[in-house]
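Enquirer: So I've got this file, my_file07.tsv, and it contains TSV, C-alpha atoms:
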```tsv
chain	number	residue	atom	x	y	z
A	1	MET	CA	-4.05	-7.28	25.24
A	2	ILE	CA	-4.31	-9.28	22.09
A	3	GLY	CA	-0.72	-9.98	21.32
A	4	GLU	CA	1.43	-12.92	20.60
A	5	VAL	CA	3.30	-15.27	22.86
A	6	ASP	CA	6.74	-15.88	21.49
A	7	ILE	CA	8.28	-19.23	22.35
A	8	TYR	CA	11.70	-19.35	20.77
A	9	GLY	CA	10.58	-17.83	17.50
A	10	VAL	CA	7.29	-19.63	17.24
A	11	LEU	CA	4.43	-17.28	17.95
A	12	PHE	CA	1.31	-18.63	19.58
A	13	PRO	CA	-2.06	-17.03	20.07
A	14	PRO	CA	-2.19	-16.18	23.76
A	15	LEU	CA	-5.41	-18.12	24.29
A	16	LEU	CA	-3.36	-21.31	24.11
A	17	ILE	CA	-1.21	-20.14	26.99
A	18	TRP	CA	-4.21	-18.98	29.01
A	19	ILE	CA	-5.83	-22.40	28.63
A	20	GLY	CA	-2.58	-24.00	29.76
A	21	ILE	CA	-2.48	-21.81	32.85
A	22	ALA	CA	-6.15	-22.50	33.54
A	23	LEU	CA	-5.44	-26.23	33.25
A	24	LEU	CA	-2.69	-25.99	35.87
A	25	ILE	CA	-4.86	-23.97	38.23
A	26	SER	CA	-7.77	-26.36	37.79
A	27	ALA	CA	-5.52	-29.35	38.54
A	28	VAL	CA	-4.48	-27.76	41.82
A	29	LEU	CA	-8.03	-26.67	42.57
A	30	ARG	CA	-9.43	-30.15	41.93
A	31	ARG	CA	-6.96	-31.66	44.35
A	32	GLY	CA	-7.89	-29.04	46.91
A	33	LEU	CA	-11.61	-29.67	46.44
A	34	ALA	CA	-11.10	-33.41	46.73
A	35	ALA	CA	-8.97	-33.03	49.87
A	36	LEU	CA	-11.59	-30.82	51.48
A	37	GLY	CA	-14.25	-33.30	50.47
A	38	LEU	CA	-16.24	-30.62	48.68
A	39	TYR	CA	-17.02	-32.98	45.85
A	40	ARG	CA	-19.83	-34.37	47.93
A	41	PHE	CA	-21.79	-31.28	46.89
A	42	ILE	CA	-21.29	-32.22	43.25
A	43	TRP	CA	-23.60	-34.43	41.27
A	44	HIS	CA	-21.47	-35.16	38.18
A	45	ARG	CA	-17.81	-34.73	38.89
A	46	PRO	CA	-16.31	-34.79	35.33
A	47	LEU	CA	-18.95	-32.33	34.15
A	48	PHE	CA	-18.15	-30.03	37.03
A	49	ASP	CA	-14.43	-30.31	36.30
A	50	LEU	CA	-15.01	-29.31	32.67
A	51	CYS	CA	-17.08	-26.32	33.78
A	52	LEU	CA	-14.34	-25.39	36.22
A	53	LEU	CA	-11.78	-25.38	33.40
A	54	VAL	CA	-13.97	-23.18	31.19
A	55	MET	CA	-14.59	-20.74	34.03
A	56	LEU	CA	-10.90	-20.59	34.89
A	57	THR	CA	-10.01	-20.04	31.24
A	58	GLY	CA	-12.44	-17.13	31.15
A	59	LEU	CA	-11.01	-15.74	34.36
A	60	VAL	CA	-7.37	-16.02	33.24
A	61	ASN	CA	-8.29	-14.51	29.87
A	62	PHE	CA	-10.10	-11.62	31.55
A	63	LEU	CA	-7.24	-10.93	33.94
A	64	ALA	CA	-4.64	-11.21	31.20
A	65	ASN	CA	-6.53	-8.82	28.92
A	66	HIS	CA	-6.99	-6.25	31.66
A	67	TYR	CA	-3.77	-6.37	33.61
A	68	PHE	CA	-1.12	-7.78	31.29
B	1	MET	CA	-18.38	-38.18	54.54
B	2	LYS	CA	-21.98	-38.59	53.53
B	3	PRO	CA	-22.87	-36.99	50.17
B	4	ALA	CA	-25.31	-34.07	50.25
B	5	SER	CA	-28.86	-34.58	49.01
B	6	PHE	CA	-29.29	-35.20	45.28
B	7	ILE	CA	-31.26	-31.98	44.61
B	8	TYR	CA	-28.57	-29.95	46.29
B	9	ARG	CA	-25.77	-31.63	44.36
B	10	PHE	CA	-27.69	-31.32	41.11
B	11	LEU	CA	-28.33	-27.62	41.62
B	12	VAL	CA	-24.67	-26.86	42.39
B	13	THR	CA	-23.58	-28.69	39.28
B	14	LEU	CA	-26.27	-26.99	37.22
B	15	ALA	CA	-25.10	-23.59	38.44
B	16	ALA	CA	-21.57	-24.47	37.44
B	17	VAL	CA	-22.73	-25.54	33.98
B	18	ALA	CA	-24.73	-22.34	33.54
B	19	LEU	CA	-21.85	-20.12	34.57
B	20	ALA	CA	-19.40	-22.03	32.39
B	21	SER	CA	-21.77	-21.72	29.42
B	22	VAL	CA	-21.98	-17.96	29.78
B	23	ILE	CA	-18.21	-17.57	30.17
B	24	GLY	CA	-17.54	-19.99	27.34
B	25	TRP	CA	-19.93	-18.09	25.08
B	26	GLN	CA	-18.26	-14.79	25.93
B	27	LEU	CA	-14.88	-16.29	25.11
B	28	TRP	CA	-16.22	-17.62	21.84
B	29	VAL	CA	-17.67	-14.25	20.85
B	30	TYR	CA	-14.46	-12.51	21.85
B	31	TYR	CA	-12.21	-14.77	19.83
B	32	MET	CA	-14.47	-15.61	16.92
B	33	GLU	CA	-16.77	-12.70	16.25
B	34	SER	CA	-15.27	-9.48	17.51
B	35	PRO	CA	-13.51	-7.72	14.68
B	36	TRP	CA	-9.86	-8.28	15.31
B	37	THR	CA	-7.22	-10.27	13.52
B	38	ARG	CA	-3.66	-11.36	14.10
B	39	ASP	CA	-3.20	-11.25	10.36
B	40	GLY	CA	-2.28	-7.62	9.82
B	41	ARG	CA	0.52	-6.15	7.79
B	42	VAL	CA	2.23	-2.80	7.81
B	43	ARG	CA	2.28	-1.54	4.27
B	44	ALA	CA	3.57	1.43	2.35
B	45	ASP	CA	3.44	2.68	-1.18
B	46	VAL	CA	6.62	1.79	-3.01
B	47	VAL	CA	7.79	3.94	-5.86
B	48	SER	CA	9.60	1.97	-8.56
B	49	LEU	CA	11.72	4.73	-9.91
B	50	ALA	CA	12.96	4.33	-13.46
B	51	PRO	CA	15.30	6.68	-15.30
B	52	ASP	CA	13.77	8.69	-18.11
B	53	VAL	CA	16.86	8.43	-20.31
B	54	THR	CA	19.15	5.57	-21.19
B	55	GLY	CA	22.85	5.49	-20.45
B	56	PRO	CA	25.60	4.41	-18.12
B	57	VAL	CA	25.54	5.58	-14.51
B	58	VAL	CA	28.47	7.81	-13.64
B	59	GLN	CA	27.66	8.82	-10.11
B	60	VAL	CA	25.51	7.39	-7.31
B	61	PHE	CA	24.56	9.85	-4.57
B	62	VAL	CA	22.66	7.58	-2.20
B	63	HIS	CA	23.34	4.28	-0.53
B	64	ASP	CA	21.06	1.45	0.49
B	65	ASN	CA	18.51	2.28	3.24
B	66	GLU	CA	19.22	5.98	3.01
B	67	THR	CA	16.42	8.38	3.84
B	68	VAL	CA	15.75	10.71	0.93
B	69	GLN	CA	13.63	13.80	0.52
B	70	THR	CA	11.54	14.72	-2.50
B	71	GLY	CA	13.77	16.20	-5.20
B	72	GLU	CA	17.00	14.82	-3.79
B	73	PRO	CA	19.33	13.55	-6.55
B	74	LEU	CA	19.75	9.78	-6.45
B	75	PHE	CA	22.14	9.02	-9.29
B	76	GLN	CA	23.49	10.54	-12.45
B	77	ILE	CA	23.52	9.07	-15.92
B	78	ASP	CA	26.49	10.01	-18.11
B	79	PRO	CA	25.48	13.43	-19.44
B	80	ALA	CA	28.12	13.57	-22.22
B	81	ARG	CA	25.83	12.26	-24.93
B	82	PHE	CA	23.07	14.58	-23.85
B	83	THR	CA	25.38	17.59	-23.65
B	84	LEU	CA	26.39	16.85	-27.25
B	85	ALA	CA	22.76	16.49	-28.21
B	86	LEU	CA	22.10	19.85	-26.64
B	87	ALA	CA	24.94	21.43	-28.64
B	88	GLN	CA	23.53	19.81	-31.75
B	89	ALA	CA	20.09	21.19	-30.99
B	90	LYS	CA	21.56	24.65	-30.43
B	91	ALA	CA	23.39	24.46	-33.77
B	92	ALA	CA	20.19	23.31	-35.47
B	93	LEU	CA	18.40	26.26	-33.90
B	94	ALA	CA	21.03	28.70	-35.18
B	95	GLN	CA	20.72	27.11	-38.60
B	96	ALA	CA	16.96	27.46	-38.50
B	97	GLU	CA	17.31	31.09	-37.49
B	98	ALA	CA	19.63	31.68	-40.45
B	99	THR	CA	17.17	29.97	-42.77
B	100	VAL	CA	14.42	32.22	-41.48
B	101	ALA	CA	16.57	35.31	-42.12
B	102	LYS	CA	17.37	34.12	-45.61
B	103	ALA	CA	13.73	33.33	-46.38
B	104	HIS	CA	12.77	36.71	-45.02
B	105	ALA	CA	15.23	38.51	-47.30
B	106	THR	CA	14.10	36.50	-50.31
B	107	MET	CA	10.50	37.25	-49.50
B	108	LEU	CA	11.11	41.02	-49.18
B	109	ASN	CA	12.98	41.05	-52.48
B	110	ALA	CA	10.26	39.08	-54.26
B	111	GLN	CA	7.58	41.33	-52.82
B	112	SER	CA	9.28	44.55	-53.97
B	113	ASN	CA	9.85	42.98	-57.40
B	114	ALA	CA	6.15	42.16	-57.60
B	115	GLN	CA	5.27	45.70	-56.58
B	116	ARG	CA	7.59	47.11	-59.25
B	117	TYR	CA	6.03	44.89	-61.91
B	118	ALA	CA	2.59	45.95	-60.77
B	119	ALA	CA	3.57	49.63	-61.11
B	120	LEU	CA	4.90	49.24	-64.67
B	121	SER	CA	2.65	50.03	-67.61
B	122	ASN	CA	1.30	47.27	-69.80
B	123	ASN	CA	3.83	48.20	-72.51
B	124	ALA	CA	6.83	47.81	-70.25
B	125	ALA	CA	5.84	44.51	-68.66
B	126	SER	CA	3.77	41.70	-69.99
B	127	ALA	CA	0.91	40.22	-67.94
B	128	VAL	CA	2.87	36.95	-67.87
B	129	SER	CA	5.92	38.50	-66.24
B	130	ARG	CA	3.70	40.39	-63.80
B	131	ASP	CA	1.96	37.13	-62.78
B	132	ASP	CA	5.35	35.43	-62.49
B	133	ALA	CA	6.57	38.11	-60.11
B	134	THR	CA	3.42	37.81	-57.98
B	135	THR	CA	3.80	34.03	-57.84
B	136	THR	CA	7.45	34.32	-56.85
B	137	ALA	CA	6.50	36.71	-54.10
B	138	ARG	CA	3.85	34.33	-52.79
B	139	GLU	CA	6.26	31.39	-52.95
B	140	ALA	CA	8.83	33.36	-51.02
B	141	GLN	CA	6.21	34.15	-48.41
B	142	ALA	CA	5.37	30.45	-48.10
B	143	SER	CA	9.06	29.61	-47.79
B	144	TYR	CA	9.35	32.17	-45.05
B	145	ALA	CA	6.41	30.61	-43.17
B	146	ALA	CA	8.01	27.15	-43.60
B	147	ALA	CA	11.32	28.48	-42.27
B	148	GLN	CA	9.54	29.93	-39.25
B	149	ALA	CA	7.89	26.57	-38.59
B	150	SER	CA	11.30	24.88	-38.82
B	151	LEU	CA	12.58	27.42	-36.31
B	152	ALA	CA	9.77	26.54	-33.91
B	153	ALA	CA	10.60	22.82	-34.37
B	154	ALA	CA	14.27	23.54	-33.69
B	155	GLN	CA	13.33	25.42	-30.54
B	156	ALA	CA	11.23	22.45	-29.39
B	157	ASP	CA	14.13	20.10	-30.16
B	158	LEU	CA	16.36	22.28	-28.05
B	159	GLY	CA	13.82	22.01	-25.24
B	160	VAL	CA	13.82	18.21	-25.55
B	161	ALA	CA	17.63	18.17	-25.49
B	162	GLU	CA	17.64	20.34	-22.36
B	163	LEU	CA	15.02	18.11	-20.74
B	164	ASN	CA	17.00	14.97	-21.55
B	165	LEU	CA	20.12	16.52	-20.09
B	166	ASP	CA	18.19	17.51	-16.99
B	167	ARG	CA	16.74	14.00	-16.68
B	168	THR	CA	20.22	12.46	-16.55
B	169	THR	CA	20.06	13.30	-12.86
B	170	VAL	CA	17.43	11.01	-11.38
B	171	ARG	CA	15.70	12.54	-8.37
B	172	ALA	CA	13.53	11.19	-5.57
B	173	THR	CA	9.83	11.79	-6.16
B	174	VAL	CA	8.70	11.12	-2.59
B	175	ASN	CA	10.01	11.30	0.96
B	176	GLY	CA	11.10	7.85	1.89
B	177	ASN	CA	13.77	5.25	2.21
B	178	VAL	CA	15.82	3.75	-0.57
B	179	THR	CA	15.48	0.00	-0.20
B	180	ASN	CA	17.26	-3.02	-1.59
B	181	PHE	CA	19.47	-0.78	-3.63
B	182	SER	CA	22.73	-1.78	-5.20
B	183	MET	CA	23.92	0.41	-8.01
B	184	LYS	CA	27.46	1.22	-8.91
B	185	PRO	CA	28.87	3.69	-11.40
B	186	GLY	CA	29.10	1.89	-14.71
B	187	ASP	CA	25.77	0.12	-14.46
B	188	TYR	CA	23.83	0.67	-17.63
B	189	VAL	CA	20.26	1.75	-17.06
B	190	ALA	CA	17.51	1.82	-19.64
B	191	ALA	CA	14.74	4.38	-19.81
B	192	GLY	CA	11.53	3.03	-18.29
B	193	THR	CA	13.11	0.09	-16.47
B	194	PRO	CA	12.76	0.54	-12.69
B	195	VAL	CA	16.10	0.44	-10.93
B	196	ILE	CA	15.43	1.90	-7.52
B	197	ALA	CA	12.65	1.31	-5.00
B	198	ILE	CA	11.73	4.06	-2.58
B	199	VAL	CA	9.43	3.15	0.28
B	200	ASP	CA	7.22	6.19	0.75
B	201	THR	CA	7.37	6.71	4.52
B	202	ASP	CA	4.59	9.31	4.34
B	203	SER	CA	2.22	6.61	3.12
B	204	LEU	CA	2.64	3.98	5.84
B	205	TYR	CA	-0.60	2.23	6.64
B	206	VAL	CA	-1.81	-1.10	7.94
B	207	ASP	CA	-3.86	-3.71	6.15
B	208	GLY	CA	-5.82	-5.96	8.45
B	209	TYR	CA	-6.89	-9.16	6.70
B	210	LEU	CA	-10.19	-9.76	8.43
B	211	GLU	CA	-12.37	-12.78	7.88
B	212	GLU	CA	-15.47	-12.05	5.87
B	213	THR	CA	-17.53	-13.16	8.85
B	214	LYS	CA	-16.31	-10.16	10.83
B	215	LEU	CA	-16.84	-7.50	8.19
B	216	ARG	CA	-20.45	-6.89	9.18
B	217	ASN	CA	-19.32	-5.01	12.26
B	218	ILE	CA	-16.80	-2.82	10.54
B	219	ASN	CA	-17.51	0.59	9.10
B	220	VAL	CA	-15.27	3.21	7.62
B	221	GLY	CA	-14.18	5.58	10.36
B	222	ASP	CA	-14.22	3.02	13.19
B	223	LYS	CA	-11.39	3.30	15.66
B	224	ALA	CA	-8.68	0.69	15.34
B	225	THR	CA	-5.78	-0.37	17.49
B	226	VAL	CA	-2.66	-1.83	15.93
B	227	GLU	CA	-0.18	-3.85	17.94
B	228	LEU	CA	3.03	-4.82	16.26
B	229	MET	CA	4.37	-8.32	16.63
B	230	GLN	CA	7.58	-6.80	17.96
B	231	GLY	CA	5.63	-5.33	20.87
B	232	GLY	CA	5.74	-1.73	21.96
B	233	PRO	CA	2.89	0.66	22.60
B	234	PRO	CA	-0.29	0.16	20.60
B	235	ILE	CA	-0.79	2.48	17.66
B	236	GLN	CA	-4.13	4.19	17.23
B	237	GLY	CA	-5.76	4.46	13.84
B	238	HIS	CA	-9.06	4.28	12.07
B	239	VAL	CA	-10.62	2.29	9.29
B	240	ALA	CA	-9.88	4.16	6.08
B	241	GLY	CA	-11.54	1.72	3.73
B	242	ILE	CA	-12.56	-1.82	3.04
B	243	ALA	CA	-11.43	-3.56	-0.12
B	244	ALA	CA	-14.16	-3.82	-2.72
B	245	GLY	CA	-12.92	-7.11	-4.09
B	246	ILE	CA	-10.39	-9.90	-3.79
B	247	ALA	CA	-9.30	-12.50	-6.31
B	248	ASP	CA	-11.38	-15.64	-6.50
B	249	SER	CA	-9.01	-18.53	-5.85
B	250	GLU	CA	-11.58	-21.11	-6.96
B	251	ARG	CA	-11.56	-19.75	-10.45
B	252	ILE	CA	-8.69	-19.86	-12.90
B	253	ALA	CA	-8.27	-17.47	-15.78
B	254	THR	CA	-8.34	-19.29	-19.08
B	255	SER	CA	-7.47	-18.37	-22.63
B	256	THR	CA	-10.88	-19.44	-23.91
B	257	LEU	CA	-12.81	-16.70	-22.09
B	258	LEU	CA	-14.78	-19.41	-20.29
B	259	ALA	CA	-14.64	-19.87	-16.54
B	260	ASP	CA	-12.53	-22.69	-15.16
B	261	VAL	CA	-13.95	-23.42	-11.72
B	262	ASN	CA	-12.09	-25.72	-9.38
B	263	PRO	CA	-14.33	-28.83	-9.09
B	264	THR	CA	-12.97	-29.90	-5.72
B	265	PHE	CA	-15.00	-28.17	-3.10
B	266	THR	CA	-13.85	-28.72	0.43
B	267	TRP	CA	-16.26	-29.68	3.14
B	268	VAL	CA	-14.31	-27.62	5.63
B	269	ARG	CA	-14.43	-24.08	4.37
B	270	LEU	CA	-12.34	-21.14	5.42
B	271	ALA	CA	-13.60	-17.60	5.53
B	272	ALA	CA	-12.01	-15.41	2.91
B	273	ARG	CA	-9.89	-12.64	4.27
B	274	ILE	CA	-10.67	-9.15	3.12
B	275	PRO	CA	-8.10	-6.38	3.42
B	276	VAL	CA	-9.32	-3.58	5.66
B	277	ARG	CA	-7.16	-0.52	5.38
B	278	ILE	CA	-6.24	1.19	8.63
B	279	ALA	CA	-4.92	4.74	8.49
B	280	LEU	CA	-2.51	5.39	11.35
B	281	ASP	CA	-3.53	8.50	13.29
B	282	LYS	CA	-0.44	8.86	15.38
B	283	VAL	CA	2.68	6.73	15.36
B	284	PRO	CA	4.38	6.90	18.76
B	285	GLU	CA	7.73	8.65	18.86
B	286	GLY	CA	10.61	6.34	18.05
B	287	GLU	CA	8.39	3.58	16.71
B	288	LYS	CA	10.11	2.20	13.63
B	289	LEU	CA	7.57	0.89	11.18
B	290	VAL	CA	8.82	-1.33	8.39
B	291	ALA	CA	6.56	-2.17	5.48
B	292	GLY	CA	5.80	-5.88	5.71
B	293	MET	CA	5.76	-6.10	9.51
B	294	THR	CA	3.13	-8.34	11.06
B	295	CYS	CA	0.68	-6.84	13.49
B	296	THR	CA	-2.54	-7.48	15.31
B	297	VAL	CA	-5.42	-5.23	14.35
B	298	SER	CA	-8.46	-4.81	16.54
B	299	ILE	CA	-11.31	-2.61	15.47
B	300	GLN	CA	-13.68	-0.96	17.90
B	301	PRO	CA	-16.99	-0.84	16.07
B	302	GLY	CA	-18.54	2.61	15.98
B	303	PRO	CA	-22.01	3.59	17.22
B	304	ARG	CA	-23.73	2.03	14.21
B	305	GLN	CA	-23.39	-1.62	15.14
B	306	ASN	CA	-25.53	-4.66	15.65
B	307	ALA	CA	-26.16	-6.84	18.68
B	308	THR	CA	-23.25	-9.19	18.03
B	309	ALA	CA	-20.80	-6.34	18.11
B	310	ALA	CA	-22.31	-5.01	21.33
B	311	THR	CA	-21.85	-8.39	22.99
B	312	ALA	CA	-18.32	-8.58	21.69
B	313	ASP	CA	-17.56	-5.19	23.18
B	314	ALA	CA	-18.82	-6.21	26.60
B	315	SER	CA	-16.75	-9.40	26.63
B	316	PRO	CA	-13.33	-9.51	28.34
```
Translate the structure of the given file into C-alpha cells.
Expert:
Amino acid sequence: MIGEVDIYGVLFPPLLIWIGIALLISAVLRRGLAALGLYRFIWHRPLFDLCLLVMLTGLVNFLANHYF
Amino acid sequence: MKPASFIYRFLVTLAAVALASVIGWQLWVYYMESPWTRDGRVRADVVSLAPDVTGPVVQVFVHDNETVQTGEPLFQIDPARFTLALAQAKAALAQAEATVAKAHATMLNAQSNAQRYAALSNNAASAVSRDDATTTAREAQASYAAAQASLAAAQADLGVAELNLDRTTVRATVNGNVTNFSMKPGDYVAAGTPVIAIVDTDSLYVDGYLEETKLRNINVGDKATVELMQGGPPIQGHVAGIAAGIADSERIATSTLLADVNPTFTWVRLAARIPVRIALDKVPEGEKLVAGMTCTVSIQPGPRQNATAATADASP
C-alpha cells in the first residue's frame, strides 16, 4: 500500500509513520538487549543501534506494504 | 559480564551494518526510484458550452450538478425574435418566388417578341428594332437568372433563420455533469460566451505528475494502479501517454522576442514533474470520481525495463 496517513486533515507520507513505529520498537528492543547483556557481542553500540533502526524501518515498511 | 572477543564483536556489528545497508538501499530505491507518485490528479475533459445565438434565457431545464445525456436540452433562449426572423425569411422567400415568376413571364414575352421580329420581313421591321427585341429578350433572361439567384439566397436565409430558431434551445454535447451552474430565466447570454460547464464523465482519466528522474522506467501501455486519497479499492489502469512538453518556469515570455532567463539558479534543484496520462481500465462499481481529486499513482514497468526498475520491483 502506498497511501496517505491522515492526521486530522494533514496527510503524511506513510514512511514517516513507519519510521516512528520502528523508532518505538527499536527503543524497546535496545532496552531488552541491554537488560539481557547482549551488547557485549557488539563492537560499536551507536552504530549497531542505527543499523537496528534501519532494519526495523525496512521490516515495518515491508509488513505494512504487504499486510495493511 | 565479560565482553566477547573483539573479532567476534566486530563481525556481529559488521553483519548488522551490511544488512542495514541492503535494507536501506532497498527502501531508497522503493521510495526514490520506482515510478510512483503521490502527486496524481483525477481529470476530465470539461466542455465550456456557449450558446450559438444571443438573447435572454426564458427557461432553464437543468440544475447544478445534474447528470445530462448528449442532446438533452439545457436551457432555452427567448425564441420570439427568432420566430419573427423566420417569418421574415419566409416572407422574403415568397417575395423572391414572386419575383422569379414575374421575371419568367417577362422573359417569355420578350422571347416571343424577339421571335416575331425575327420572322418579319425586312420591310416590316427594321434591323434596329429586331436587334432591340433580341436585346430585350436577353435582358429578360438575365433578369430571370438574377431572380432565381435571389430565390436561392432567400431559401438559404430561411435555412439560417430556422437554424437560429433551433439553436435557441441549447443542448448538451456530451454525457456528463453540469457543474458550478447558476442560471436563471432572464439572464442575458451572448453567442460565443461560455455559460455552462459540463464535466465529460466519459473522459475521466488520471494525470500522474512524475518526477523526470522516474520517467526512464515508464512506457506507454505499462500497467498502473491508482489509489484515491479518499481511500477505497485501487483502480487499475494503464499508461496512455506521456506529455511531450511542459512550460519552462525559468524562462519568461517577453515582448522583445528575446529570452528572459531567470538569473537566480538554485543550488538545490527539484526534478520537474511531467504529466503521465493514465487511462482507467475499470472503475469499481460505486466509486465516485471527481475531476480534481488527488490520488497516488504507481506504475508497474512493463517487460522492457532496465536494471533499476527490476530492483525497484523486487523491493518491498
Enquirer: Could you work out how far atom CA of A:Met55 lies from atom CA of A:Phe41, giving the answer in Å with one decimal?
Expert: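 Between these atoms lies a distance of 18.1 Å.
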Enquirer: Pull out every residue of chain A sitting within 9 Å of chain B, counting all atoms listed in the file, and send them as an NGL selection string.
Expert: :A and (1-4 or 13 or 15 or 37 or 39-45 or 47-48 or 50-59 or 61-63 or 65-66)
Enquirer: Between atom CA of B:Thr266 and atom CA of A:Phe12, what distance in Å does the model show, to one decimal?
Expert: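 Atom-to-atom, atom CA of B:Thr266 and atom CA of A:Phe12 are spaced 26.4 Å apart.
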Enquirer: Could you check which of B:Gly286, B:Pro56, B:Pro51, B:Pro35 is closest to B:Gly186, using all atoms listed in the file?
Expert: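 Going through B:Gly286, B:Pro56, B:Pro51, B:Pro35 one by one, the smallest distance to B:Gly186 is for B:Pro56.
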Enquirer: What is the distance, in Å and to one decimal place, between atom CA of B:Arg138 and atom CA of B:Gln111?
Expert: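 The value is 7.9 Å.
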Enquirer: Determine, counting all atoms listed in the file, every residue of protein, DNA or RNA that lies within 8 Å of (-15.2, 2.6, 10.4) in the file coordinates, then give the result as number ranges by chain.
Expert: B: 218-223, 238-241, 301-302
Enquirer: Counting all atoms listed in the file, what is within 10 Å of B:Val160, bar same-chain residues fewer than 4 positions away, as a ChimeraX atom specification?
Expert: /B:85-86,89,154-156,164-166
Enquirer: Starting from the sparse input, extend stretch 27-38 of chain A to N, CA and C atoms and give the output as a short mmCIF file (atom, residue, chain, number, x, y, z; two decimals), keeping the file's coordinate frame.
Expert:
```cif
data_model
loop_
_atom_site.label_atom_id
_atom_site.label_comp_id
_atom_site.auth_asym_id
_atom_site.auth_seq_id
_atom_site.Cartn_x
_atom_site.Cartn_y
_atom_site.Cartn_z
N ALA A 27 -6.08 -28.12 37.97
CA ALA A 27 -5.52 -29.35 38.54
C ALA A 27 -5.31 -29.19 40.04
N VAL A 28 -4.73 -28.04 40.41
CA VAL A 28 -4.48 -27.76 41.82
C VAL A 28 -5.80 -27.66 42.58
N LEU A 29 -6.74 -26.92 41.94
CA LEU A 29 -8.03 -26.67 42.57
C LEU A 29 -8.79 -27.98 42.80
N ARG A 30 -8.72 -28.87 41.81
CA ARG A 30 -9.43 -30.15 41.93
C ARG A 30 -8.89 -30.97 43.09
N ARG A 31 -7.56 -30.95 43.21
CA ARG A 31 -6.96 -31.66 44.35
C ARG A 31 -7.44 -31.07 45.67
N GLY A 32 -7.45 -29.73 45.69
CA GLY A 32 -7.89 -29.04 46.91
C GLY A 32 -9.32 -29.40 47.26
N LEU A 33 -10.20 -29.36 46.22
CA LEU A 33 -11.61 -29.67 46.44
C LEU A 33 -11.79 -31.10 46.94
N ALA A 34 -11.00 -32.01 46.34
CA ALA A 34 -11.10 -33.41 46.73
C ALA A 34 -10.63 -33.59 48.17
N ALA A 35 -9.53 -32.90 48.52
CA ALA A 35 -8.97 -33.03 49.87
C ALA A 35 -9.95 -32.50 50.90
N LEU A 36 -10.63 -31.41 50.55
CA LEU A 36 -11.59 -30.82 51.48
C LEU A 36 -12.92 -31.57 51.47
N GLY A 37 -13.03 -32.51 50.53
CA GLY A 37 -14.25 -33.30 50.47
C GLY A 37 -15.44 -32.54 49.91
N LEU A 38 -15.16 -31.45 49.19
CA LEU A 38 -16.24 -30.62 48.68
C LEU A 38 -16.96 -31.26 47.50
#
```
